Amino acid sequence: TVRIGVLTSGGDAQGMNAAVRAVVRAGIQAGAEVFGIHEGWQGAVDGGDQIRRLEWDDVGNVLARGGTVIGTARCAAFRERDGRKRAALNLITHGIDRIIVIGGDGSLTGTDRLREEWPAFVAELADAGEITAEQAERHAQLVIAGLVGSIDNDMVGTDMTIGTDSALHRITEAIDAISSTAASHQRSFVVEVMGRHCGYLAVMSAIAGAADYVLIPESPPADDWKQHMSHVLRQSRRAGRRTSIVVIAEGTQDRQGNPITPEDVRVVLADEMGEDARVTILGHVQRGGTPSAYDRWMATMLGHAAVGEVLRGDREPQLVAVRGNRPTFMPLMEAVAATRRVASLIEEGRYDEAMAARGRSFV
Ligand code: ATP
């Protein structure tokens with residue numbers, strides 16, 4: 001029987017459990033055995049019972065849970081060749097040579113490195129007598145597929161990443177709550193949301209929460225942004241709004257590349273408008289709570305598609321992504337390279353090129 005390993009790696013995101021559940025159940029249905037690798041790549045490096053067979057019922061009652069039930073971690077050892085070699089040994093010992101990884105670009109990159117080095121590891125482990133010749137032959141290649149778990153929605157090649165929609169729900173709830181208290185006191189609020197290189201959460205939550213102003217990394221405001229923002233907020237107050245809400249993505253900079261912080265915005269509101277604004281940094285609240293319906297079904301669909309992909313195993317590693325609500329595939333490392341390019345274009349201030357390279361119509 002074919003054995004598939006599934007792991008979640010890097011930051012957690014709502015919907016990861018739906019993906020793991022789908023991998024386990026689609027794998028079993030296809031006649032494979034599925035193993036959960038616990039605590040991200042650390043579990044593969046450590047081996048033993050960190051790599052455990054997952055049966056159908058082991059992933060019951062996880063669909064509605066936030067986070068990831070198989071654990072996630074950042075693993076320093078996996079960044080070293082020796083660590084990856086140990087992971088290879090532990091996987092081969094468990095008969096696993098297909099991996100579905102759910103994580104961010106770092107996790108996907110690390111997984112692809114292991115795949116590249118795998119044949120060399122197999123040869124070295126066989127030479128050293130740590131695996132048998134039969135094991136070496138049976139597990140000559142590692143087949144991988146990647147799903148993106150990240151609340152930022154920053155990956156090229158997909159409309160959405162797992163966890164983004166749930167995070168958007170959390171932020172919208174928070175803005176709704178802030179709006180009601182703000183309205184009672186005619187106050188202004190500055191809300192910082194996640195998104196180091198991607199303003200998706202900021203723009204979408206600003207629209208969904210009826211914010212007055214939004215600041216994002218891909219489209220830094222003009223040099224006179226302070227005057228412009230005060231003007232816009234004053235106008236809306238004059239038109240009868242009792243609150244002002246400004247949403248800012250965490251990675252926002254001005255056109256000279258200087259960070260714009262929520263505190264900067266607060267100072268503008270105080271200085272230019274005489275407003276006693278409050279700053280709310282949502283932080284980990286955004287990762288919390290139950291996954292949205294979208295994240296559950298999208299991750300289920302992609303987990304199922306990833307099983308088909310690794311069982312075929314007949315092409316270069318793929319990113320299993322979503323476009324137009326259907327699973328789509330893109331060479332994994334092309335997607336990662338393009339995502340990193342978008343981030344550096346933004347850092348260099350080449351915003352139009354960054355947006356063109358991201359290739360989505362909106363944010
Ligand atoms: P997030 O979106 O939360 O940052 P990520 O997957 O990008 O998720 P990282 O911390 O970059 O998070 O990577 C997670 C783990 O993946 C690392 O701790 C390490 O074990 C592995 N990893 C990342 N980059 C590499 C690399 N270049 N080589 C080997 N392993 C890597």
# chains A, B, ... in the order shown; residues from 1 in each chain; ligands from 1

$ residues_around --residues "Thr111 in chain A" --least-positions-apart "3" --cutoff "9 Å" --atoms "only C-alpha atoms" --output "ChimeraX atom specification"
/A:41,99,101,106-108,114-116,144-146

$ residues_around --residues "range 70-75 of chain A" --least-positions-apart "6" --cutoff "8 Å" --atoms "only C-alpha atoms" --output "list of chain:residue names"
A:Leu7, A:Thr8, A:Ser9, A:Gly10, A:Gly11, A:Asp12, A:Gly36, A:Ile37, A:His38, A:Glu39, A:Gly40, A:Trp41, A:Gln42

$ closest_atom_pairs --of "range 105-175 of chain A" --to "range 332-344 of chain A" --cutoff "6 Å" --atoms "only C-alpha atoms" --output "CSV"
residue,atom,partner,partner_atom,distance
A:Asp105,CA,A:Val336,CA,5.8
A:Met155,CA,A:Thr339,CA,5.5
A:Val156,CA,A:Thr339,CA,5.2
A:Gly157,CA,A:Ala335,CA,5.9

$ residues_around --residues "Gly240 in chain A" --least-positions-apart "5" --cutoff "12 Å" --atoms "only C-alpha atoms" --output "list of chain:residue names"
A:Ala183, A:Gln186, A:Leu233, A:Arg234, A:Gln235

$ closest_residue --among "A:Thr252, A:Thr172, A:Ser180, A:Asn153" --to "ligand 1" --atoms "only C-alpha atoms and all ligand atoms"
A:Asn153

$ select_by_dssp --residues "range 239-279 of chain A" --states "helix (DSSP H, G or I)" --output "list in words"
Pro262, Glu263, Asp264, Val265, Arg266, Val267, Val268, Leu269, Ala270, Asp271, Glu272 and Met273 of chain A

$ write_last_selection --atoms "N, CA and C atoms" --output "mmCIF file, in the first residue's frame"
data_model
loop_
_atom_site.group_PDB
_atom_site.id
_atom_site.type_symbol
_atom_site.label_atom_id
_atom_site.label_comp_id
_atom_site.auth_asym_id
_atom_site.auth_seq_id
_atom_site.Cartn_x
_atom_site.Cartn_y
_atom_site.Cartn_z
ATOM 1 N N PRO A 262 0.026 52.205 13.145
ATOM 2 C CA PRO A 262 -1.252 52.671 13.674
ATOM 3 C C PRO A 262 -1.070 53.923 14.541
ATOM 4 N N GLU A 263 0.057 53.978 15.250
ATOM 5 C CA GLU A 263 0.338 55.138 16.101
ATOM 6 C C GLU A 263 0.488 56.412 15.240
ATOM 7 N N ASP A 264 1.144 56.281 14.075
ATOM 8 C CA ASP A 264 1.255 57.425 13.160
ATOM 9 C C ASP A 264 -0.138 57.939 12.788
ATOM 10 N N VAL A 265 -1.025 56.997 12.508
ATOM 11 C CA VAL A 265 -2.379 57.378 12.104
ATOM 12 C C VAL A 265 -3.090 58.065 13.271
ATOM 13 N N ARG A 266 -2.906 57.498 14.454
ATOM 14 C CA ARG A 266 -3.541 58.091 15.644
ATOM 15 C C ARG A 266 -3.077 59.536 15.846
ATOM 16 N N VAL A 267 -1.794 59.748 15.682
ATOM 17 C CA VAL A 267 -1.245 61.093 15.868
ATOM 18 C C VAL A 267 -1.856 62.066 14.848
ATOM 19 N N VAL A 268 -2.026 61.609 13.617
ATOM 20 C CA VAL A 268 -2.640 62.470 12.604
ATOM 21 C C VAL A 268 -4.067 62.834 13.027
ATOM 22 N N LEU A 269 -4.799 61.826 13.497
ATOM 23 C CA LEU A 269 -6.177 62.087 13.905
ATOM 24 C C LEU A 269 -6.215 63.087 15.072
ATOM 25 N N ALA A 270 -5.258 62.946 15.966
ATOM 26 C CA ALA A 270 -5.209 63.855 17.118
ATOM 27 C C ALA A 270 -4.816 65.266 16.668
ATOM 28 N N ASP A 271 -3.748 65.351 15.865
ATOM 29 C CA ASP A 271 -3.211 66.655 15.488
ATOM 30 C C ASP A 271 -4.112 67.403 14.509
ATOM 31 N N GLU A 272 -4.578 66.674 13.506
ATOM 32 C CA GLU A 272 -5.296 67.367 12.430
ATOM 33 C C GLU A 272 -6.777 67.506 12.730
ATOM 34 N N MET A 273 -7.319 66.598 13.545
ATOM 35 C CA MET A 273 -8.766 66.605 13.752
ATOM 36 C C MET A 273 -9.146 66.794 15.209
#

$ select_by_dssp --residues "range 69-264 of chain A" --states "strand (DSSP E)" --output "PyMOL selection string"
chain A and resi 98-103+143-148+188-193+213-215+244-249

$ write_last_selection --atoms "C-alpha atoms" --output "PDB file, in the first residue's frame"
ATOM      1  CA  ARG A  98       4.362  10.937  -0.493  1.00  0.00           C
ATOM      2  CA  ILE A  99       3.850  14.147   1.437  1.00  0.00           C
ATOM      3  CA  ILE A 100       1.058  16.679   1.493  1.00  0.00           C
ATOM      4  CA  VAL A 101       2.170  19.813   3.318  1.00  0.00           C
ATOM      5  CA  ILE A 102      -0.099  22.623   4.433  1.00  0.00           C
ATOM      6  CA  GLY A 103       1.850  25.770   5.245  1.00  0.00           C
ATOM      7  CA  VAL A 143       6.366  12.897  -4.207  1.00  0.00           C
ATOM      8  CA  ILE A 144       5.002  16.111  -2.706  1.00  0.00           C
ATOM      9  CA  ALA A 145       2.087  18.508  -3.085  1.00  0.00           C
ATOM     10  CA  GLY A 146       1.525  21.798  -1.273  1.00  0.00           C
ATOM     11  CA  LEU A 147      -1.539  23.548   0.090  1.00  0.00           C
ATOM     12  CA  VAL A 148      -1.237  27.092   1.344  1.00  0.00           C
ATOM     13  CA  SER A 188     -12.231  57.304  16.054  1.00  0.00           C
ATOM     14  CA  PHE A 189     -10.516  53.974  15.899  1.00  0.00           C
ATOM     15  CA  VAL A 190      -7.437  52.758  14.113  1.00  0.00           C
ATOM     16  CA  VAL A 191      -7.474  49.005  13.529  1.00  0.00           C
ATOM     17  CA  GLU A 192      -4.334  47.126  12.520  1.00  0.00           C
ATOM     18  CA  VAL A 193      -4.840  43.831  10.706  1.00  0.00           C
ATOM     19  CA  TYR A 213     -10.028  54.829   5.234  1.00  0.00           C
ATOM     20  CA  VAL A 214      -7.652  51.954   4.516  1.00  0.00           C
ATOM     21  CA  LEU A 215      -3.876  51.782   4.213  1.00  0.00           C
ATOM     22  CA  SER A 244     -14.246  57.215  11.986  1.00  0.00           C
ATOM     23  CA  ILE A 245     -12.553  53.893  11.428  1.00  0.00           C
ATOM     24  CA  VAL A 246      -9.205  53.541   9.716  1.00  0.00           C
ATOM     25  CA  VAL A 247      -7.954  50.063   8.829  1.00  0.00           C
ATOM     26  CA  ILE A 248      -4.233  49.589   8.323  1.00  0.00           C
ATOM     27  CA  ALA A 249      -2.356  46.481   7.200  1.00  0.00           C
TER      28      ALA A 249
END

$ closest_residue --among "A:Ser150, A:Thr261, A:Thr300, A:Gln256" --to "Gly163 in chain A" --atoms "only C-alpha atoms"
A:Ser150

$ atom_distance --atom1 "CA of Glu117 in chain A" --atom2 "CA of Ala76 in chain A"
17.5 Å

$ closest_residue --among "A:Met16, A:Val322, A:Ile281, A:Ala140" --to "Ala174 in chain A" --atoms "only C-alpha atoms"
A:Ile281

$ residues_around --residues "Val23 in chain A" --least-positions-apart "2" --cutoff "7 Å" --atoms "only C-alpha atoms" --output "PyMOL selection string"
chain A and resi 19-21+25-27+303-304+307

$ atom_distance --atom1 "CA of Ala88 in chain A" --atom2 "CA of Ala44 in chain A"
7.7 Å

$ closest_residue --among "A:Asp112, A:Glu353, A:Asp224, A:Glu130" --to "ligand 1" --atoms "only C-alpha atoms and all ligand atoms"
A:Asp112

$ residues_around --residues "Ile28 in chain A" --least-positions-apart "3" --cutoff "10 Å" --atoms "only C-alpha atoms" --output "ChimeraX atom specification"
/A:3-4,22-25,31-34,54-56,307

$ write_last_selection --atoms "C-alpha atoms" --output "compact mmCIF listing (two decimals), in the first residue's frame"
# COMPACT_ATOMS: atom_id res chain seq x y z
CA ARG A 3 1.58 5.66 2.41
CA ILE A 4 0.90 9.37 2.42
CA ALA A 22 -9.93 15.53 3.62
CA VAL A 23 -6.44 14.13 2.98
CA VAL A 24 -7.00 11.33 5.49
CA ARG A 25 -10.41 10.36 4.20
CA GLY A 31 -6.81 2.66 -0.86
CA ALA A 32 -3.82 4.46 0.67
CA GLU A 33 -2.71 4.69 4.28
CA VAL A 34 -2.36 8.17 5.70
CA LEU A 54 -4.60 8.38 11.00
CA GLU A 55 -7.78 6.40 10.55
CA TRP A 56 -11.12 7.66 9.34
CA VAL A 307 -4.47 13.21 -2.63

$ closest_residue --among "A:Ile151, A:Val2, A:Val232, A:Ala87" --to "Arg170 in chain A" --atoms "only C-alpha atoms"
A:Ile151

$ closest_residue --among "A:Ala18, A:Ala211, A:Leu345, A:Ala167" --to "His197 in chain A" --atoms "only C-alpha atoms"
A:Leu345

$ atom_distance --atom1 "CA of Asp49 in chain A" --atom2 "atom 9 (P, counted along the ligand's line) of ligand 1"
23.5 Å
